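File shown: work03.txt (compact mmCIF, C-alpha atoms and all ligand atoms).
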```
# COMPACT_ATOMS: atom_id res chain seq x y z
CA MET N 9 -12.52 -31.25 -17.67
CA TYR N 10 -9.98 -31.05 -14.84
CA SER N 11 -8.60 -34.45 -14.06
CA GLU N 12 -6.69 -33.44 -10.94
CA TYR N 13 -8.45 -32.89 -7.68
CA PHE N 14 -7.35 -32.16 -4.18
CA ASP N 15 -8.70 -34.78 -1.76
CA SER N 16 -10.40 -32.61 0.86
CA SER N 17 -10.77 -35.59 3.21
CA THR N 18 -7.06 -35.09 4.01
CA LEU N 19 -7.75 -31.73 5.68
CA THR N 20 -6.94 -31.61 9.38
CA ALA N 21 -9.29 -30.17 12.01
CA GLU N 22 -7.08 -27.07 12.11
CA ASP N 23 -7.24 -26.70 8.32
CA ASN N 24 -11.02 -26.87 8.55
CA ASN N 25 -11.01 -24.21 11.27
CA LEU N 26 -9.12 -21.90 8.96
CA LEU N 27 -11.54 -22.65 6.11
CA SER N 28 -14.48 -21.78 8.31
CA GLU N 29 -12.77 -18.55 9.42
CA PHE N 30 -12.35 -17.75 5.73
CA ALA N 31 -16.03 -18.47 5.00
CA THR N 32 -17.20 -16.36 7.93
CA ARG N 33 -14.99 -13.43 6.94
CA ARG N 34 -16.22 -13.62 3.35
CA ALA N 35 -19.89 -13.77 4.36
CA ILE N 36 -19.52 -10.69 6.59
CA ILE N 37 -17.67 -8.70 3.92
CA LEU N 38 -20.04 -9.78 1.13
CA HIS N 39 -23.05 -8.79 3.18
CA PHE N 40 -21.52 -5.38 3.80
CA ILE N 41 -20.50 -4.65 0.20
CA ARG N 42 -23.92 -5.68 -1.10
CA GLN N 43 -25.63 -3.52 1.46
CA GLN N 44 -23.41 -0.55 0.59
CA ARG N 45 -23.55 -1.33 -3.16
CA LYS N 46 -19.77 -1.19 -3.34
CA TYR N 47 -18.23 -2.22 -6.65
CA VAL N 48 -15.63 -4.56 -5.29
CA LEU N 49 -15.30 -8.35 -5.19
CA THR N 50 -14.03 -10.59 -2.42
CA CYS N 51 -10.93 -12.64 -3.17
CA PRO N 52 -11.85 -16.35 -3.49
CA ALA N 53 -8.71 -17.28 -1.53
CA CYS N 54 -8.48 -14.81 1.40
CA ALA N 55 -11.97 -13.19 1.37
CA PHE N 56 -10.67 -9.63 1.47
CA PRO N 57 -12.39 -7.23 -0.96
CA THR N 58 -9.43 -6.65 -3.24
CA LEU N 59 -10.71 -7.49 -6.73
CA HIS N 60 -12.64 -5.49 -9.32
CA HIS N 61 -13.31 -7.80 -12.29
CA GLN N 62 -14.66 -11.33 -11.82
CA GLY N 63 -12.19 -13.80 -13.30
CA GLY N 64 -10.15 -10.86 -14.59
CA PHE N 65 -6.70 -12.32 -13.80
CA GLU N 66 -6.13 -9.72 -11.11
CA THR N 67 -3.59 -10.68 -8.43
CA CYS N 68 -4.90 -10.24 -4.89
CA PRO N 69 -2.56 -7.87 -3.02
CA VAL N 70 -3.23 -9.68 0.28
CA CYS N 71 -2.66 -13.32 -0.67
CA ASP N 72 -1.30 -13.21 -4.27
CA TRP N 73 -4.04 -15.50 -5.60
CA VAL N 74 -4.60 -14.84 -9.32
CA ASP N 75 -8.33 -14.65 -10.01
CA GLU N 76 -8.96 -16.93 -12.97
CA GLY N 77 -12.61 -17.32 -12.04
CA GLN N 78 -12.19 -20.40 -9.82
CA ASP N 79 -14.46 -20.31 -6.77
CA ASP N 80 -16.41 -22.47 -4.28
CA GLU N 81 -17.91 -24.86 -6.84
CA GLU N 82 -14.50 -25.85 -8.24
CA ALA N 83 -12.45 -25.22 -5.11
CA ASP N 84 -10.89 -28.70 -5.05
CA GLU N 85 -9.85 -28.62 -8.71
CA ILE N 86 -6.19 -28.06 -9.52
CA TRP N 87 -6.07 -25.74 -12.50
CA LYS N 88 -2.26 -25.56 -12.73
CA ASN N 89 -2.29 -22.15 -14.34
CA ARG N 90 -1.22 -18.98 -12.56
CA ASN N 91 -1.77 -20.40 -9.08
CA GLY N 92 0.62 -23.29 -9.50
CA LYS N 93 -0.06 -26.79 -8.26
CA LEU N 94 -2.54 -25.89 -5.53
CA SER N 95 -6.29 -26.19 -5.55
CA LEU N 96 -8.21 -23.17 -4.28
CA THR N 97 -9.00 -25.10 -1.09
CA GLU N 98 -5.31 -25.69 -0.37
CA TYR N 99 -4.50 -22.08 -1.21
CA ARG N 100 -7.17 -20.89 1.25
CA VAL N 101 -5.67 -23.07 3.97
CA ALA N 102 -2.10 -21.95 3.20
CA THR N 103 -3.23 -18.30 3.22
CA GLY N 104 -5.00 -18.86 6.53
CA TYR N 105 -1.81 -20.20 8.11
CA ALA N 106 0.31 -17.40 6.62
CA LEU N 107 -2.03 -14.71 7.96
CA ARG N 108 -2.13 -16.40 11.35
CA THR N 109 1.68 -16.46 11.50
CA LEU N 110 1.83 -12.79 10.58
CA CYS N 111 -0.67 -11.96 13.33
CA HIS N 112 1.48 -13.85 15.84
CA GLU N 113 4.60 -12.00 14.70
CA GLN N 114 2.80 -8.66 14.93
CA LYS N 115 1.10 -9.64 18.22
CA GLY N 116 -2.26 -8.62 16.82
CA SER N 117 -5.31 -9.96 15.03
CA LEU N 118 -6.95 -9.42 11.66
CA VAL N 119 -9.29 -6.48 11.37
CA ALA N 120 -12.85 -7.81 11.39
CA ASP N 121 -14.91 -4.67 10.80
CA PRO N 122 -15.76 -4.40 7.06
CA VAL N 123 -15.76 -0.59 7.19
CA GLU N 124 -12.21 -0.64 8.45
CA ILE N 125 -11.16 -3.37 6.00
CA ILE N 126 -12.42 -1.42 2.99
CA ASP N 127 -10.80 1.74 4.29
CA VAL N 128 -7.41 -0.03 4.62
CA ILE N 129 -7.68 -1.50 1.11
CA GLU N 130 -8.68 1.84 -0.45
CA GLN N 131 -5.70 3.50 1.23
CA HIS N 132 -3.48 0.73 -0.13
CA GLU N 133 -4.80 1.25 -3.67
CA ALA N 134 -4.20 5.01 -3.45
CA ARG N 135 -0.66 4.38 -2.12
CA MET N 136 0.13 1.95 -4.95
CA ASP N 137 -1.26 4.37 -7.56
CA ALA N 138 0.91 7.13 -6.12
CA PHE N 139 3.93 4.82 -6.16
CA GLN N 140 3.40 3.99 -9.81
CA GLU N 141 2.96 7.66 -10.66
CA THR N 142 6.27 8.61 -9.09
CA ASN N 143 8.27 5.55 -10.20
CA SER N 144 8.64 4.29 -13.71
CA MET N 145 7.63 0.62 -13.60
CA ASN N 146 8.66 0.05 -17.18
CA VAL N 147 11.95 -1.54 -16.10
CA ASP N 148 13.61 -4.95 -16.03
CA ASP N 149 12.49 -7.57 -13.48
CA ASP N 150 15.69 -7.15 -11.46
CA HIS N 151 15.47 -3.36 -11.19
CA PRO N 152 15.52 -2.12 -7.54
CA VAL N 153 12.20 -0.36 -8.04
CA TRP N 154 10.51 -3.76 -7.78
CA GLU N 155 11.93 -4.32 -4.28
CA ALA N 156 10.53 -0.94 -3.24
CA TRP N 157 7.23 -1.83 -4.88
CA LYS N 158 7.07 -5.12 -2.93
CA LYS N 159 7.76 -3.31 0.34
CA GLU N 160 5.03 -0.80 -0.43
CA LYS N 161 2.63 -3.64 -1.23
CA ALA N 162 3.54 -5.54 1.96
CA LYS N 163 2.23 -2.65 4.08
CA LEU N 164 -1.31 -3.73 3.23
CA LYS N 165 -1.13 -6.99 5.19
CA LEU N 166 0.34 -5.20 8.20
CA ASP N 167 -2.42 -2.58 8.03
CA LEU N 168 -5.00 -5.37 8.18
CA ILE N 169 -3.70 -6.37 11.62
CA ARG N 170 -4.76 -4.54 14.78
CA LYS N 171 -2.59 -4.77 17.87
ZN ZN N 201 -6.64 -12.77 -1.59
```

Kindly transcribe the structure held in the file into structure tokens.
Ligand SMILES: [Zn+2]
Amino acid sequence: MYSEYFDSSTLTAEDNNLLSEFATRRAIILHFIRQQRKYVLTCPACAFPTLHHQGGFETCPVCDWVDEGQDDEEADEIWKNRNGKLSLTEYRVATGYALRTLCHEQKGSLVADPVEIIDVIEQHEARMDAFQETNSMNVDDDHPVWEAWKKEKAKLKLDLIRK
């Protein structure tokens, strides 16, 4: 059905390291949320538990991947919809590098404990709900409220880094 594929043989050793970090993070978080029977899904691109409806076109607040239902089995396919010209595999790698850069800038590392991760994400969701309750979001795309909204959203990534 999808004629375009990413050639995963072009991945570098470093790219593969990032993919295995992703897979490890996802396995740990998945194990935890199943054990705790939490109703949350891990993002197919960054592994953080940010989604609530499988394939529900939610945008991950950590990596901005739009969940169209693409996952491991089709990871090398290029769907060219909301996630642009990247396959899921390439998006995972790009997200891995972006998070690594942010950790360097913040002189810290990503939180690894699932309890802490879920706590940070729940706080983020409460903060964003509060923001939307106090600010009318029914405004043009260039309204300053969107800049404030982006800043509020960006706090999540920083909160996922421990110094
Ligand atoms: Zn994500």

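CA of Asp75 (chain N) is positioned 23.4 Å from CA of Val123 (chain N).
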
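All residues, whether protein, DNA or RNA, that have an atom at most 9 Å from ligand ZN 201 (chain N) (counting all atoms listed in the file) are N:Thr50, N:Cys51, N:Pro52, N:Ala53, N:Cys54, N:Ala55, N:Phe56, N:Pro57, N:Thr58, N:Leu59, N:Thr67, N:Cys68, N:Pro69, N:Val70, N:Cys71, N:Asp72, N:Trp73, N:Val74, N:Asp75, N:Arg100, N:Thr103.
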
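Proximity ranking of N:Gln114, N:Ile169, N:Thr142, N:Leu96 relative to Ala156 (chain N) places N:Thr142 first, based on only C-alpha atoms.
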
Mind checking which residues fall within 9 Å of Arg108 (chain N), counting all atoms listed in the file, ignoring those fewer than 4 positions away in the same chain, and posting them as a ChimeraX atom specification? /N:103-104,112-113,117-118

Nearest to Ala102 (chain N) among N:Asn146, N:Gln43, N:Phe30, N:Tyr13, with distances taken over only C-alpha atoms: which residue is it?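 With only C-alpha atoms as the atom set, the closest residue is N:Phe30.
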
Atomic separation - CA of Leu110 (chain N) relative to CA of Leu166 (chain N), Å: 8.1 Å

Give the centre and edge lengths of an axis-aligned box, in Å to one decimal, that holds all listed atoms of region 49-66 of chain N with 8 Å on each side, as lines of an AutoDock Vina configuration file.
```
center_x = -10.7
center_y = -11.4
center_z = -6.6
size_x = 25.2
size_y = 27.8
size_z = 32.1
```

Give me the residues within 12 Å of Ser17 (chain N) as number ranges by chain, counting all atoms listed in the file and dropping any in the same chain fewer than 3 places off. N: 13-14, 20-21, 23-24, 84, 97-98

Separation of CA of Ile126 (chain N) from CA of Phe40 (chain N) in Å: 10.0 Å

Residue contacts of Met136 (chain N) (10 Å, only C-alpha atoms) excluding same-chain residues fewer than 4 positions away, as number ranges by chain: N: 130-132, 140-142, 157, 160-161

Closest of N:Ser16, N:Ser144, N:Asn25, N:Ser11 to Ala83 (chain N) - atom-to-atom distances counting only C-alpha atoms: N:Ser16

For region 110-140 of chain N, supply N, CA and C atoms and report the output as a compact mmCIF listing (two decimals), keeping the file's coordinate frame.
```
# COMPACT_ATOMS: atom_id res chain seq x y z
N LEU N 110 1.56 -14.23 10.59
CA LEU N 110 1.83 -12.79 10.58
C LEU N 110 1.19 -12.11 11.80
N CYS N 111 -0.01 -12.52 12.15
CA CYS N 111 -0.67 -11.96 13.33
C CYS N 111 0.13 -12.26 14.60
N HIS N 112 0.65 -13.49 14.69
CA HIS N 112 1.48 -13.85 15.84
C HIS N 112 2.71 -12.96 15.91
N GLU N 113 3.37 -12.81 14.75
CA GLU N 113 4.60 -12.00 14.70
C GLU N 113 4.31 -10.55 15.10
N GLN N 114 3.16 -10.06 14.67
CA GLN N 114 2.80 -8.66 14.93
C GLN N 114 2.08 -8.50 16.27
N LYS N 115 1.84 -9.63 16.95
CA LYS N 115 1.10 -9.64 18.22
C LYS N 115 -0.23 -8.90 18.08
N GLY N 116 -0.97 -9.26 17.05
CA GLY N 116 -2.26 -8.62 16.82
C GLY N 116 -3.23 -9.61 16.20
N SER N 117 -4.36 -9.09 15.72
CA SER N 117 -5.31 -9.96 15.03
C SER N 117 -5.88 -9.24 13.81
N LEU N 118 -6.44 -10.01 12.89
CA LEU N 118 -6.95 -9.42 11.66
C LEU N 118 -8.13 -8.50 11.95
N VAL N 119 -8.17 -7.39 11.26
CA VAL N 119 -9.29 -6.48 11.37
C VAL N 119 -10.56 -7.21 10.94
N ALA N 120 -11.63 -7.09 11.72
CA ALA N 120 -12.85 -7.81 11.39
C ALA N 120 -13.96 -6.89 10.87
N ASP N 121 -13.88 -5.61 11.19
CA ASP N 121 -14.91 -4.67 10.80
C ASP N 121 -14.80 -4.33 9.30
N PRO N 122 -15.85 -4.64 8.51
CA PRO N 122 -15.76 -4.40 7.06
C PRO N 122 -15.50 -2.94 6.68
N VAL N 123 -15.99 -2.01 7.47
CA VAL N 123 -15.76 -0.59 7.19
C VAL N 123 -14.26 -0.31 7.23
N GLU N 124 -13.64 -0.84 8.27
CA GLU N 124 -12.21 -0.64 8.45
C GLU N 124 -11.40 -1.38 7.37
N ILE N 125 -11.85 -2.58 7.03
CA ILE N 125 -11.16 -3.37 6.00
C ILE N 125 -11.16 -2.63 4.66
N ILE N 126 -12.32 -2.13 4.27
CA ILE N 126 -12.42 -1.42 2.99
C ILE N 126 -11.60 -0.14 3.01
N ASP N 127 -11.60 0.53 4.15
CA ASP N 127 -10.80 1.74 4.29
C ASP N 127 -9.31 1.44 4.10
N VAL N 128 -8.82 0.37 4.73
CA VAL N 128 -7.41 -0.03 4.62
C VAL N 128 -7.07 -0.37 3.16
N ILE N 129 -7.96 -1.09 2.49
CA ILE N 129 -7.68 -1.50 1.11
C ILE N 129 -7.72 -0.28 0.16
N GLU N 130 -8.64 0.64 0.40
CA GLU N 130 -8.68 1.84 -0.45
C GLU N 130 -7.42 2.69 -0.26
N GLN N 131 -6.95 2.76 0.97
CA GLN N 131 -5.70 3.50 1.23
C GLN N 131 -4.53 2.83 0.52
N HIS N 132 -4.53 1.49 0.55
CA HIS N 132 -3.48 0.73 -0.13
C HIS N 132 -3.50 1.02 -1.63
N GLU N 133 -4.69 1.01 -2.22
CA GLU N 133 -4.80 1.25 -3.67
C GLU N 133 -4.31 2.65 -4.03
N ALA N 134 -4.65 3.63 -3.20
CA ALA N 134 -4.20 5.01 -3.45
C ALA N 134 -2.67 5.09 -3.33
N ARG N 135 -2.12 4.38 -2.34
CA ARG N 135 -0.66 4.38 -2.12
C ARG N 135 0.06 3.74 -3.31
N MET N 136 -0.50 2.62 -3.83
CA MET N 136 0.13 1.95 -4.95
C MET N 136 0.03 2.79 -6.23
N ASP N 137 -1.11 3.47 -6.40
CA ASP N 137 -1.26 4.37 -7.56
C ASP N 137 -0.21 5.47 -7.49
N ALA N 138 -0.06 6.05 -6.30
CA ALA N 138 0.91 7.13 -6.12
C ALA N 138 2.33 6.62 -6.39
N PHE N 139 2.61 5.40 -5.93
CA PHE N 139 3.93 4.82 -6.16
C PHE N 139 4.20 4.69 -7.65
N GLN N 140 3.21 4.20 -8.37
CA GLN N 140 3.40 3.99 -9.81
C GLN N 140 3.44 5.30 -10.59
```
